[in-house]
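Colleague: Pasting model_19.txt below, which is compact mmCIF, C-alpha atoms.
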# COMPACT_ATOMS: atom_id res chain seq x y z
CA MET A 1360 0.00 0.00 0.00
CA LYS A 1361 1.05 3.58 -0.61
CA SER A 1362 0.00 6.40 1.63
CA LEU A 1363 -0.38 10.16 1.75
CA GLN A 1364 -1.10 12.33 4.75
CA ILE A 1365 -3.89 14.62 3.59
CA ASN A 1366 -5.03 17.42 5.92
CA GLY A 1367 -3.64 15.52 8.88
CA GLN A 1368 -5.20 12.17 8.03
CA ILE A 1369 -3.39 9.18 6.56
CA ARG A 1370 -4.95 7.88 3.35
CA GLN A 1371 -3.87 4.63 1.81
CA PHE A 1372 -3.93 3.74 -1.85
CA LEU A 1373 -3.35 0.43 -3.69
CA PRO A 1374 -0.18 0.91 -5.78
CA GLN A 1375 -2.15 0.88 -9.04
CA GLU A 1376 -4.63 3.44 -7.65
CA MET A 1377 -2.08 5.87 -6.26
CA PRO A 1378 -2.60 9.21 -8.04
CA SER A 1379 0.51 10.42 -9.84
CA THR A 1380 -0.18 14.17 -9.81
CA LEU A 1381 -2.01 16.67 -7.62
CA SER A 1382 -4.68 17.00 -10.30
CA ALA A 1383 -5.28 13.26 -10.24
CA LEU A 1384 -5.42 13.28 -6.45
CA LEU A 1385 -8.01 16.08 -6.36
CA GLU A 1386 -10.11 14.26 -8.94
CA LYS A 1387 -9.98 11.10 -6.84
CA LEU A 1388 -11.07 13.05 -3.76
CA GLY A 1389 -13.83 14.82 -5.68
CA ILE A 1390 -12.40 18.27 -4.95
CA GLY A 1391 -12.67 20.95 -7.63
CA ALA A 1392 -9.18 21.96 -8.76
CA THR A 1393 -10.03 25.67 -8.64
CA THR A 1394 -11.37 25.60 -5.07
CA VAL A 1395 -8.09 24.95 -3.24
CA VAL A 1396 -4.40 25.64 -3.09
CA ALA A 1397 -2.17 22.77 -2.01
CA GLU A 1398 0.84 22.49 0.20
CA VAL A 1399 3.11 19.53 -0.54
CA ASP A 1400 5.67 18.84 2.19
CA GLY A 1401 5.42 22.46 3.28
CA GLN A 1402 5.68 24.05 -0.17
CA ILE A 1403 2.64 25.93 -1.50
CA VAL A 1404 1.47 24.79 -4.93
CA ARG A 1405 -0.80 27.11 -6.91
CA PRO A 1406 -3.78 25.72 -8.92
CA GLU A 1407 -1.99 26.33 -12.25
CA GLU A 1408 0.80 23.98 -11.13
CA PHE A 1409 -1.43 21.06 -10.12
CA THR A 1410 -1.20 19.10 -13.38
CA ARG A 1411 2.60 19.07 -13.35
CA THR A 1412 3.10 18.50 -9.63
CA ALA A 1413 3.97 14.85 -8.95
CA VAL A 1414 2.63 13.10 -5.88
CA ARG A 1415 4.78 10.46 -4.17
CA ASP A 1416 4.32 7.86 -1.46
CA GLY A 1417 4.71 9.26 2.05
CA GLN A 1418 4.15 12.93 1.24
CA THR A 1419 2.29 15.33 3.50
CA ILE A 1420 -0.33 17.28 1.61
CA GLU A 1421 -2.52 20.11 2.83
CA LEU A 1422 -5.46 21.15 0.71
CA ILE A 1423 -6.43 24.69 1.68
CA LYS A 1424 -9.82 25.90 0.52
CA PHE A 1425 -10.52 29.35 -0.80
CA MET A 1426 -12.92 30.80 1.78
CA GLY A 1427 -14.39 34.11 0.76
CA GLY A 1428 -17.24 34.35 3.23
CA GLY A 1429 -17.41 36.69 6.15
CA MET B 615 -3.68 58.71 31.25
CA SER B 616 -4.99 57.08 34.37
CA LEU B 617 -7.96 54.80 34.80
CA THR B 618 -11.11 56.15 36.43
CA GLU B 619 -12.81 54.32 39.27
CA GLU B 620 -15.46 53.12 36.83
CA GLN B 621 -12.85 51.90 34.36
CA ILE B 622 -11.02 50.01 37.09
CA GLN B 623 -14.23 48.12 37.81
CA ARG B 624 -15.25 47.67 34.18
CA TYR B 625 -11.88 46.26 33.13
CA SER B 626 -11.08 44.49 36.39
CA ARG B 627 -10.94 41.03 34.78
CA ASN B 628 -8.47 42.32 32.19
CA ILE B 629 -6.33 44.15 34.75
CA ILE B 630 -6.05 41.10 37.00
CA LEU B 631 -4.41 39.21 34.15
CA GLU B 632 -0.65 39.21 34.62
CA GLN B 633 -0.10 39.93 30.89
CA VAL B 634 -2.48 42.90 30.83
CA GLY B 635 -2.45 44.87 34.08
CA GLY B 636 -3.19 48.59 34.27
CA ALA B 637 -0.54 49.46 31.70
CA GLY B 638 -2.00 46.99 29.20
CA GLN B 639 -5.50 48.32 29.75
CA GLU B 640 -4.34 51.87 29.15
CA LYS B 641 -2.66 50.68 25.98
CA LEU B 642 -5.93 49.13 24.76
CA LEU B 643 -7.78 52.34 25.54
CA SER B 644 -5.36 54.31 23.40
CA SER B 645 -5.42 51.77 20.52
CA ARG B 646 -7.26 52.00 17.21
CA VAL B 647 -8.63 48.99 15.32
CA LEU B 648 -10.38 49.08 11.95
CA ILE B 649 -12.98 46.41 11.19
CA VAL B 650 -13.66 46.05 7.48
CA GLY B 651 -17.01 44.35 6.99
CA LEU B 652 -19.76 44.36 9.61
CA GLY B 653 -21.17 40.95 8.83
CA GLY B 654 -20.73 37.55 10.45
CA LEU B 655 -17.06 38.02 11.36
CA GLY B 656 -17.15 41.74 12.06
CA SER B 657 -20.09 41.53 14.47
CA PRO B 658 -18.46 39.50 17.27
CA ALA B 659 -15.09 41.14 16.64
CA ALA B 660 -16.57 44.62 17.12
CA LEU B 661 -18.50 43.67 20.25
CA TYR B 662 -15.54 41.99 21.96
CA LEU B 663 -13.10 44.75 21.08
CA ALA B 664 -15.55 47.32 22.40
CA ALA B 665 -16.09 45.35 25.60
CA ALA B 666 -12.34 44.92 26.07
CA GLY B 667 -11.86 48.68 25.99
CA VAL B 668 -10.21 49.26 22.63
CA GLY B 669 -10.42 53.04 22.57
CA THR B 670 -11.10 53.69 18.89
CA ILE B 671 -12.99 51.29 16.68
CA GLY B 672 -13.26 52.05 12.98
CA LEU B 673 -16.18 50.53 11.10
CA LEU B 674 -16.04 50.21 7.33
CA ASP B 675 -19.00 48.84 5.39
CA GLY B 676 -21.21 50.39 2.74
CA ASP B 677 -24.08 47.95 3.17
CA VAL B 678 -27.48 48.07 4.85
CA VAL B 679 -28.82 45.46 7.27
CA ASP B 680 -30.85 42.76 5.55
CA LEU B 681 -33.19 40.25 7.19
CA THR B 682 -31.00 37.37 5.92
CA ASN B 683 -28.04 38.84 7.85
CA LEU B 684 -29.56 38.34 11.29
CA GLN B 685 -28.91 34.58 11.43
CA ARG B 686 -25.22 35.31 12.09
CA GLN B 687 -24.52 39.05 12.20
CA VAL B 688 -25.23 39.40 15.90
CA ILE B 689 -24.42 43.10 16.21
CA HIS B 690 -27.53 43.88 14.12
CA HIS B 691 -30.97 43.41 15.62
CA THR B 692 -34.37 42.86 14.03
CA LYS B 693 -35.29 46.54 14.39
CA ASP B 694 -32.17 47.46 12.40
CA VAL B 695 -33.26 45.87 9.11
CA GLY B 696 -32.90 48.54 6.44
CA LYS B 697 -30.48 50.70 8.47
CA ARG B 698 -26.91 51.44 7.47
CA LYS B 699 -24.66 48.74 8.94
CA VAL B 700 -22.16 51.24 10.33
CA ALA B 701 -24.94 53.11 12.16
CA SER B 702 -26.46 49.91 13.53
CA ALA B 703 -23.08 48.62 14.72
CA ARG B 704 -22.10 51.99 16.17
CA SER B 705 -25.15 52.14 18.44
CA LYS B 706 -24.45 48.63 19.84
CA ILE B 707 -20.78 49.40 20.43
CA ARG B 708 -21.65 52.60 22.29
CA ALA B 709 -24.24 50.70 24.33
CA VAL B 710 -21.69 48.02 25.27
CA ASN B 711 -18.99 50.52 26.19
CA PRO B 712 -19.13 54.32 26.04
CA ASP B 713 -15.31 54.34 26.31
CA ALA B 714 -15.09 53.13 22.71
CA ALA B 715 -15.02 55.97 20.22
CA VAL B 716 -16.46 54.85 16.89
CA ARG B 717 -15.31 56.14 13.53
CA SER B 718 -17.75 55.28 10.78
CA HIS B 719 -16.69 54.76 7.16
CA ASP B 720 -19.94 54.16 5.29
CA VAL B 721 -18.22 53.11 2.06
CA TRP B 722 -17.05 49.97 0.27
CA ALA B 723 -13.39 49.00 0.47
CA ARG B 724 -11.92 50.46 -2.74
CA ALA B 725 -8.44 50.81 -4.13
CA ASP B 726 -8.63 54.60 -4.40
CA SER B 727 -9.48 55.27 -0.76
CA ILE B 728 -8.61 52.33 1.49
CA ARG B 729 -4.98 53.28 2.17
CA GLU B 730 -5.86 56.68 3.62
CA ILE B 731 -8.37 55.04 5.92
CA ILE B 732 -6.26 52.16 7.22
CA ARG B 733 -3.18 54.24 7.97
CA GLU B 734 -5.13 55.82 10.85
CA TYR B 735 -5.26 52.48 12.66
CA ASP B 736 -2.93 50.17 14.61
CA PHE B 737 -4.54 46.92 13.48
CA VAL B 738 -7.03 45.90 10.79
CA ILE B 739 -9.56 43.07 10.91
CA ASP B 740 -10.49 41.74 7.49
CA ALA B 741 -14.07 40.64 8.03
CA THR B 742 -15.16 41.07 4.42
CA ASP B 743 -17.22 38.56 2.49
CA ASN B 744 -15.63 38.55 -0.94
CA PHE B 745 -12.26 37.81 -2.51
CA PRO B 746 -11.60 41.17 -4.21
CA ALA B 747 -11.92 42.92 -0.85
CA LYS B 748 -9.75 40.37 0.93
CA PHE B 749 -6.90 40.81 -1.54
CA LEU B 750 -7.34 44.58 -1.49
CA ILE B 751 -7.01 44.68 2.30
CA ASN B 752 -3.98 42.39 2.19
CA ASP B 753 -2.28 44.63 -0.34
CA ALA B 754 -3.25 47.90 1.35
CA CYS B 755 -2.01 46.68 4.75
CA TYR B 756 1.25 45.60 3.12
CA PHE B 757 1.81 49.02 1.53
CA GLU B 758 0.93 50.82 4.78
CA GLY B 759 2.76 48.34 7.03
CA ILE B 760 -0.27 47.70 9.23
CA PRO B 761 -0.71 44.25 10.84
CA PHE B 762 -4.02 42.58 10.12
CA SER B 763 -6.08 39.46 10.64
CA HIS B 764 -7.35 37.62 7.60
CA ALA B 765 -10.31 35.29 7.95
CA GLY B 766 -12.75 33.51 5.68
CA ILE B 767 -15.69 31.24 6.31
CA LEU B 768 -17.67 28.80 4.19
CA GLN B 769 -20.51 26.49 5.23
CA PHE B 770 -19.08 24.71 8.32
CA GLU B 771 -15.44 25.73 7.94
CA GLY B 772 -13.33 28.75 8.64
CA GLN B 773 -9.75 29.88 8.25
CA LEU B 774 -7.65 32.53 9.93
CA MET B 775 -4.18 34.02 9.63
CA THR B 776 -2.45 37.07 11.07
CA VAL B 777 -0.08 39.00 8.82
CA ILE B 778 2.75 41.28 9.89
CA PRO B 779 3.46 42.88 6.50
CA GLY B 780 6.95 42.33 5.18
CA LYS B 781 7.78 39.99 8.04
CA THR B 782 5.37 37.06 7.85
CA ALA B 783 3.53 35.27 5.04
CA CYS B 784 0.78 37.38 3.48
CA TYR B 785 -2.56 36.24 2.06
CA ARG B 786 -1.03 36.27 -1.43
CA CYS B 787 1.83 34.01 -0.30
CA VAL B 788 -0.83 31.35 0.26
CA PHE B 789 -3.48 32.29 -2.29
CA ALA B 790 -1.89 34.17 -5.18
CA GLY B 791 -5.16 35.79 -6.22
CA PRO B 792 -8.92 35.25 -6.24
CA PRO B 793 -10.07 31.82 -7.43
CA PRO B 794 -11.19 31.63 -11.04
CA GLY B 795 -14.89 32.09 -11.75
CA ASN B 796 -17.25 31.24 -8.95
CA ALA B 797 -14.97 28.63 -7.40
CA GLY B 798 -15.17 30.28 -4.02
CA ALA B 799 -18.93 29.65 -3.96
CA PRO B 800 -21.05 32.78 -4.00
CA CYS B 801 -22.49 34.24 -0.82
CA GLY B 802 -26.03 33.13 -0.27
CA GLN B 803 -25.81 29.96 -2.30
CA ALA B 804 -23.21 28.10 -0.23
CA GLY B 805 -24.78 28.72 3.16
CA VAL B 806 -22.96 29.19 6.44
CA LEU B 807 -23.54 28.04 10.00
CA GLY B 808 -24.16 31.27 11.89
CA VAL B 809 -22.19 30.38 15.00
CA LEU B 810 -19.14 29.58 12.84
CA SER B 811 -18.72 33.27 12.16
CA GLY B 812 -18.88 33.87 15.91
CA VAL B 813 -16.01 31.46 16.50
CA ILE B 814 -13.78 32.86 13.77
CA GLY B 815 -14.63 36.54 14.33
CA SER B 816 -13.89 36.12 18.04
CA LEU B 817 -10.51 34.60 17.17
CA GLN B 818 -9.79 37.66 15.03
CA ALA B 819 -10.56 39.93 17.99
CA THR B 820 -8.23 37.78 20.12
CA GLU B 821 -5.40 38.32 17.64
CA ALA B 822 -6.05 42.07 17.57
CA ILE B 823 -5.85 42.32 21.36
CA LYS B 824 -2.68 40.18 21.52
CA CYS B 825 -1.04 42.28 18.83
CA LEU B 826 -1.97 45.57 20.53
CA LEU B 827 -0.66 44.34 23.87
CA GLY B 828 2.37 42.56 22.43
CA ILE B 829 1.60 39.36 24.32
CA GLY B 830 1.65 35.68 23.42
CA GLU B 831 2.34 34.35 19.96
CA LEU B 832 0.43 35.70 17.00
CA LEU B 833 -1.04 33.38 14.40
CA THR B 834 1.59 34.34 11.86
CA GLY B 835 3.36 31.94 9.55
CA SER B 836 0.50 29.52 9.71
CA LEU B 837 -3.10 29.36 8.66
CA LEU B 838 -5.54 28.07 11.26
CA THR B 839 -8.37 26.01 9.84
CA TYR B 840 -11.48 25.06 11.80
CA SER B 841 -14.21 22.60 11.03
CA ALA B 842 -17.41 22.98 13.03
CA LEU B 843 -18.52 19.48 11.98
CA THR B 844 -15.48 17.65 13.31
CA MET B 845 -14.26 20.27 15.83
CA ASP B 846 -10.80 20.03 14.33
CA PHE B 847 -8.57 23.07 14.68
CA ARG B 848 -5.45 22.68 12.54
CA LYS B 849 -2.50 24.96 11.94
CA VAL B 850 -1.14 24.66 8.42
CA PRO B 851 2.35 26.16 8.09
CA ALA B 852 2.43 29.12 5.69
CA LYS B 853 5.86 30.40 4.76
CA ARG B 854 6.64 33.61 2.90
CA ARG B 855 7.13 32.98 -0.80
CA ALA B 856 10.15 34.51 -2.49
CA ASP B 857 8.03 34.75 -5.65
CA CYS B 858 5.00 36.35 -3.98
CA ALA B 859 3.68 38.98 -6.39
CA LEU B 860 3.24 41.41 -3.48
CA CYS B 861 5.84 40.78 -0.76
CA GLY B 862 8.34 38.65 -2.71
CA GLN B 863 11.75 39.62 -4.03
CA ASP B 864 10.56 40.82 -7.41
CA PRO B 865 7.06 42.13 -6.82
CA THR B 866 4.69 42.69 -9.73
CA ILE B 867 2.01 44.32 -7.59
CA THR B 868 3.31 47.78 -6.73
CA SER B 869 0.07 49.70 -6.31
CA LEU B 870 -3.52 48.97 -5.35
CA VAL B 871 -6.00 47.70 -7.91
CA ASP B 872 -9.59 46.57 -7.46
CA GLU B 873 -9.51 42.82 -8.08
CA GLY B 874 -12.58 42.02 -10.10
CA LYS B 875 -15.86 43.79 -9.75
CA VAL B 876 -19.30 43.30 -8.30
CA THR B 877 -20.81 40.43 -10.23
CA CYS B 878 -23.92 39.62 -8.26
CA ASN B 879 -26.89 41.95 -8.07
CA ARG B 880 -28.87 39.99 -5.53
CA LYS B 881 -30.14 42.16 -2.69
CA GLY B 882 -27.74 42.29 0.23
CA CYS B 883 -24.95 40.76 -1.85
CA LYS B 884 -21.87 42.48 -3.15
CA ARG B 885 -20.03 39.96 -5.26
CA MET C 1140 10.14 53.78 49.57
CA THR C 1141 6.83 52.68 50.96
CA ALA C 1142 3.46 53.42 49.38
CA LYS C 1143 0.18 52.98 51.23
CA LEU C 1144 -3.21 51.79 50.10
CA ASP C 1145 -6.37 51.63 52.19
CA LEU C 1146 -8.60 48.89 50.81
CA ARG C 1147 -10.93 48.57 53.76
CA GLY C 1148 -14.46 48.19 52.46
CA VAL C 1149 -13.26 47.15 48.99
CA PRO C 1150 -14.52 43.63 48.20
CA CYS C 1151 -12.81 40.78 46.31
CA PRO C 1152 -11.71 40.72 43.56
CA LEU C 1153 -11.72 44.50 43.13
CA ASN C 1154 -9.19 44.83 45.95
CA LEU C 1155 -6.77 42.65 43.95
CA VAL C 1156 -7.27 44.86 40.90
CA LYS C 1157 -6.47 47.94 42.98
CA VAL C 1158 -3.38 46.32 44.47
CA LYS C 1159 -2.18 45.36 40.99
CA LEU C 1160 -2.61 48.90 39.74
CA ALA C 1161 -0.81 50.28 42.82
CA ILE C 1162 2.06 47.80 42.50
CA GLU C 1163 2.58 48.85 38.88
CA LYS C 1164 3.23 52.35 40.19
CA VAL C 1165 5.96 51.44 42.70
CA ALA C 1166 9.45 50.40 41.65
CA VAL C 1167 10.56 46.78 41.76
CA GLY C 1168 11.97 46.17 45.25
CA ASP C 1169 9.82 48.85 46.87
CA ILE C 1170 7.17 48.12 49.45
CA LEU C 1171 3.43 48.63 49.39
CA GLU C 1172 1.47 48.71 52.64
CA ILE C 1173 -2.10 47.60 52.26
CA GLU C 1174 -4.97 47.69 54.71
CA ILE C 1175 -7.61 45.06 54.04
CA ASP C 1176 -10.70 43.65 55.70
CA ASP C 1177 -10.99 40.47 57.69
CA GLY C 1178 -12.81 37.55 56.04
CA GLU C 1179 -12.57 36.98 52.30
CA PRO C 1180 -9.97 39.68 51.62
CA ILE C 1181 -7.42 38.38 54.15
CA GLN C 1182 -8.05 34.80 52.98
CA ASN C 1183 -7.67 35.56 49.27
CA LEU C 1184 -5.42 38.53 48.71
CA PRO C 1185 -2.11 37.26 50.14
CA VAL C 1186 -2.50 33.99 48.20
CA SER C 1187 -3.32 35.81 44.95
CA LEU C 1188 -0.40 38.20 45.36
CA GLY C 1189 1.96 35.33 46.10
CA ARG C 1190 0.73 33.52 43.02
CA GLN C 1191 1.43 36.62 40.94
CA GLY C 1192 5.02 36.56 42.12
CA GLN C 1193 4.92 39.31 44.77
CA GLU C 1194 6.46 38.88 48.21
CA ILE C 1195 4.38 39.20 51.38
CA LEU C 1196 6.75 40.54 54.03
CA GLU C 1197 4.41 40.91 56.96
CA THR C 1198 0.80 40.47 57.96
CA THR C 1199 -0.37 42.20 61.14
CA GLU C 1200 -3.83 42.10 62.65
CA GLN C 1201 -5.28 45.45 63.65
CA GLN C 1202 -8.67 46.08 65.20
CA GLY C 1203 -11.10 44.53 62.72
CA TYR C 1204 -8.71 44.65 59.73
CA PHE C 1205 -5.26 43.57 58.57
CA CYS C 1206 -2.16 45.37 57.46
CA LEU C 1207 -0.12 43.69 54.72
CA LYS C 1208 3.40 44.61 53.66
CA VAL C 1209 4.13 43.56 50.09
CA ARG C 1210 7.42 43.90 48.23
CA ARG C 1211 7.17 44.29 44.47
CA ARG C 1212 9.16 41.47 42.90
CA LEU C 1213 7.94 41.62 39.28
Take the structure from the file and write it as structure tokens.
Modeller:
Amino acid sequence: MKSLQINGQIRQFLPQEMPSTLSALLEKLGIGATTVVAEVDGQIVRPEEFTRTAVRDGQTIELIKFMGGG
Amino acid sequence: MSLTEEQIQRYSRNIILEQVGGAGQEKLLSSRVLIVGLGGLGSPAALYLAAAGVGTIGLLDGDVVDLTNLQRQVIHHTKDVGKRKVASARSKIRAVNPDAAVRSHDVWARADSIREIIREYDFVIDATDNFPAKFLINDACYFEGIPFSHAGILQFEGQLMTVIPGKTACYRCVFAGPPPGNAGAPCGQAGVLGVLSGVIGSLQATEAIKCLLGIGELLTGSLLTYSALTMDFRKVPAKRRADCALCGQDPTITSLVDEGKVTCNRKGCKR
Amino acid sequence: MTAKLDLRGVPCPLNLVKVKLAIEKVAVGDILEIEIDDGEPIQNLPVSLGRQGQEILETTEQQGYFCLKVRRRL
């Protein structure tokens, strides 16, 4: 099994189901790619970089929502 | 400045605190905080800052009170529907604490006027309800060097971050700019748990008071996220970005611009 | 230097607030003499001041009240 820590929670993936990019991960989680920014191992990744940002086993990923309400 | 007998009683629970004392209370009384947006976040922030004895509270909002606001905007009462928000909020603040002088700015946050307003204050609370305003406040506070508290809420979740301009990560270090299209979910359509705004707005007031007093550790360099459904509070590290368009090494934003325009004409909505 | 503060008739916790404000006005190392009532004040105040890091030098019982000598430590 491969795993990612997403927003503090460990998520496991079968090797063949492990998403290879941030875009693929968001699709798998059902999160709209324009609704969040991501932080991969502490580095902020902007939405326009999602398709070319690789995701690897053991990474810590934070998905931070745009929240415009007040 | 010395505290009157009435002030000593009113602020006794502050003064007893080791980190506040009489000197801290006098500092609060001589401090000025601007609250931009008198909605869900701004309501509790204004009431707590007034109660705590912040001497000057600026209120900036160009809206009127709408019936749909009352589910969460606790500074406005049923009788206030239709009144200017700044006038409604001012009367509650004065009722809570006559020590708090209120400066009303009955306007929308706009690029051509916001800098002159915020430079009169020691701390700014971004309690606005739309992305263009949030980025505008971030940028204006950066140019004026005024610390501020960013917050946003959506449905059952909220986020919060304090920014010391030029020293700690700014809103643009995390979110470069507004999300494309309607990705941020428009106002009335997404819904929001009323009490959520009470939690987050109160946290913003906490940060303002800590910053004014110079006590504790500010919520800088990380974004606090809160989920009302799971009761999870999480701090996500947020470092300054060298390529931030505003506070990075080679900035492309060098003056204020209005990010986007009002796109929703629904009553009581300003997207 | 010794400063004096008459807190007879001032209930808890307002007497603590007044002592705090008075202590802020004396220099560290100086002494504040406080007069407080019997009952709650004499039970609470010395403990609270000790907890806040101040030093109680002396407690003397007068007729119906107490006199407390406190040295500012912080």
Colleague: Could you please determine the separation between CA of Gly1391 (chain A) and CA of Ala790 (chain B) in Å, to one decimal place?
Modeller: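 So the answer is 17.2 Å.
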Colleague: What's around Val1156 (chain C) at 7 Å? Count all atoms listed in the file, leave out sequence neighbours fewer than 4 positions away in its own chain, and write the answer as a list in words.
Modeller: Ser626, Ile629 and Ile630 of chain B; Pro1152 and Leu1160 of chain C
Colleague: Wanna dump the chain A-chain B contacts at 9 Å for me, each residue with its shortest atom pair and the distance in Å to one decimal, counting all atoms listed in the file, ordered by chain and number, as JSON lines?
Modeller:
{"residue": "A:Asn1366", "atom": "CA", "partner": "B:Arg848", "partner_atom": "CA", "distance": 8.5}
{"residue": "A:Gly1367", "atom": "CA", "partner": "B:Arg848", "partner_atom": "CA", "distance": 8.2}
{"residue": "A:Gly1391", "atom": "CA", "partner": "B:Ala797", "partner_atom": "CA", "distance": 8.0}
{"residue": "A:Ala1392", "atom": "CA", "partner": "B:Ala797", "partner_atom": "CA", "distance": 8.9}
{"residue": "A:Thr1393", "atom": "CA", "partner": "B:Ala797", "partner_atom": "CA", "distance": 5.9}
{"residue": "A:Thr1394", "atom": "CA", "partner": "B:Ala797", "partner_atom": "CA", "distance": 5.3}
{"residue": "A:Val1395", "atom": "CA", "partner": "B:Pro793", "partner_atom": "CA", "distance": 8.3}
{"residue": "A:Val1396", "atom": "CA", "partner": "B:Phe789", "partner_atom": "CA", "distance": 6.8}
{"residue": "A:Ala1397", "atom": "CA", "partner": "B:Val788", "partner_atom": "CA", "distance": 9.0}
{"residue": "A:Glu1398", "atom": "CA", "partner": "B:Val850", "partner_atom": "CA", "distance": 8.7}
{"residue": "A:Gly1401", "atom": "CA", "partner": "B:Pro851", "partner_atom": "CA", "distance": 6.8}
{"residue": "A:Gln1402", "atom": "CA", "partner": "B:Lys853", "partner_atom": "CA", "distance": 8.0}
{"residue": "A:Ile1403", "atom": "CA", "partner": "B:Val788", "partner_atom": "CA", "distance": 6.7}
{"residue": "A:Val1404", "atom": "CA", "partner": "B:Val788", "partner_atom": "CA", "distance": 8.7}
{"residue": "A:Arg1405", "atom": "CA", "partner": "B:Ala790", "partner_atom": "CA", "distance": 7.4}
{"residue": "A:Pro1406", "atom": "CA", "partner": "B:Pro793", "partner_atom": "CA", "distance": 8.9}
{"residue": "A:Glu1421", "atom": "CA", "partner": "B:Val850", "partner_atom": "CA", "distance": 7.3}
{"residue": "A:Ile1423", "atom": "CA", "partner": "B:Thr839", "partner_atom": "CA", "distance": 8.5}
{"residue": "A:Lys1424", "atom": "CA", "partner": "B:Gly798", "partner_atom": "CA", "distance": 8.3}
{"residue": "A:Phe1425", "atom": "CA", "partner": "B:Gly798", "partner_atom": "CA", "distance": 5.7}
{"residue": "A:Met1426", "atom": "CA", "partner": "B:Gly766", "partner_atom": "CA", "distance": 4.8}
{"residue": "A:Gly1427", "atom": "CA", "partner": "B:Asn744", "partner_atom": "CA", "distance": 4.9}
{"residue": "A:Gly1428", "atom": "CA", "partner": "B:Asp743", "partner_atom": "CA", "distance": 4.3}
{"residue": "A:Gly1429", "atom": "CA", "partner": "B:Asp743", "partner_atom": "CA", "distance": 4.1}
Colleague: Put those residues in a file: C-alpha atoms, as a short mmCIF file (atom, residue, chain, number, x, y, z; two decimals), in the coordinates of the input.
Modeller:
data_model
loop_
_atom_site.label_atom_id
_atom_site.label_comp_id
_atom_site.auth_asym_id
_atom_site.auth_seq_id
_atom_site.Cartn_x
_atom_site.Cartn_y
_atom_site.Cartn_z
CA ASN A 1366 -5.03 17.42 5.92
CA GLY A 1367 -3.64 15.52 8.88
CA GLY A 1391 -12.67 20.95 -7.63
CA ALA A 1392 -9.18 21.96 -8.76
CA THR A 1393 -10.03 25.67 -8.64
CA THR A 1394 -11.37 25.60 -5.07
CA VAL A 1395 -8.09 24.95 -3.24
CA VAL A 1396 -4.40 25.64 -3.09
CA ALA A 1397 -2.17 22.77 -2.01
CA GLU A 1398 0.84 22.49 0.20
CA GLY A 1401 5.42 22.46 3.28
CA GLN A 1402 5.68 24.05 -0.17
CA ILE A 1403 2.64 25.93 -1.50
CA VAL A 1404 1.47 24.79 -4.93
CA ARG A 1405 -0.80 27.11 -6.91
CA PRO A 1406 -3.78 25.72 -8.92
CA GLU A 1421 -2.52 20.11 2.83
CA ILE A 1423 -6.43 24.69 1.68
CA LYS A 1424 -9.82 25.90 0.52
CA PHE A 1425 -10.52 29.35 -0.80
CA MET A 1426 -12.92 30.80 1.78
CA GLY A 1427 -14.39 34.11 0.76
CA GLY A 1428 -17.24 34.35 3.23
CA GLY A 1429 -17.41 36.69 6.15
#
Colleague: Nearest to Val809 (chain B) among B:Ile622, B:Ile778, B:Ala842, B:Cys784, with distances taken over only C-alpha atoms: which residue is it?
Modeller: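 Once distances to Val809 (chain B) are computed over only C-alpha atoms, the minimum belongs to B:Ala842.
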Colleague: I need the contact residues of chain B against chain C, so if you could list those with any atom within 10 Å, counting only C-alpha atoms, and return them as an mmCIF file with C-alpha atoms, keeping the file's coordinate frame, that would help.
Modeller:
data_model
loop_
_atom_site.group_PDB
_atom_site.id
_atom_site.type_symbol
_atom_site.label_atom_id
_atom_site.label_comp_id
_atom_site.auth_asym_id
_atom_site.auth_seq_id
_atom_site.Cartn_x
_atom_site.Cartn_y
_atom_site.Cartn_z
ATOM 1 C CA LEU B 617 -7.960 54.800 34.800
ATOM 2 C CA GLU B 619 -12.810 54.320 39.270
ATOM 3 C CA ILE B 622 -11.020 50.010 37.090
ATOM 4 C CA GLN B 623 -14.230 48.120 37.810
ATOM 5 C CA TYR B 625 -11.880 46.260 33.130
ATOM 6 C CA SER B 626 -11.080 44.490 36.390
ATOM 7 C CA ARG B 627 -10.940 41.030 34.780
ATOM 8 C CA ASN B 628 -8.470 42.320 32.190
ATOM 9 C CA ILE B 629 -6.330 44.150 34.750
ATOM 10 C CA ILE B 630 -6.050 41.100 37.000
ATOM 11 C CA LEU B 631 -4.410 39.210 34.150
ATOM 12 C CA GLU B 632 -0.650 39.210 34.620
ATOM 13 C CA GLY B 635 -2.450 44.870 34.080
ATOM 14 C CA GLY B 636 -3.190 48.590 34.270
ATOM 15 C CA ALA B 637 -0.540 49.460 31.700
#
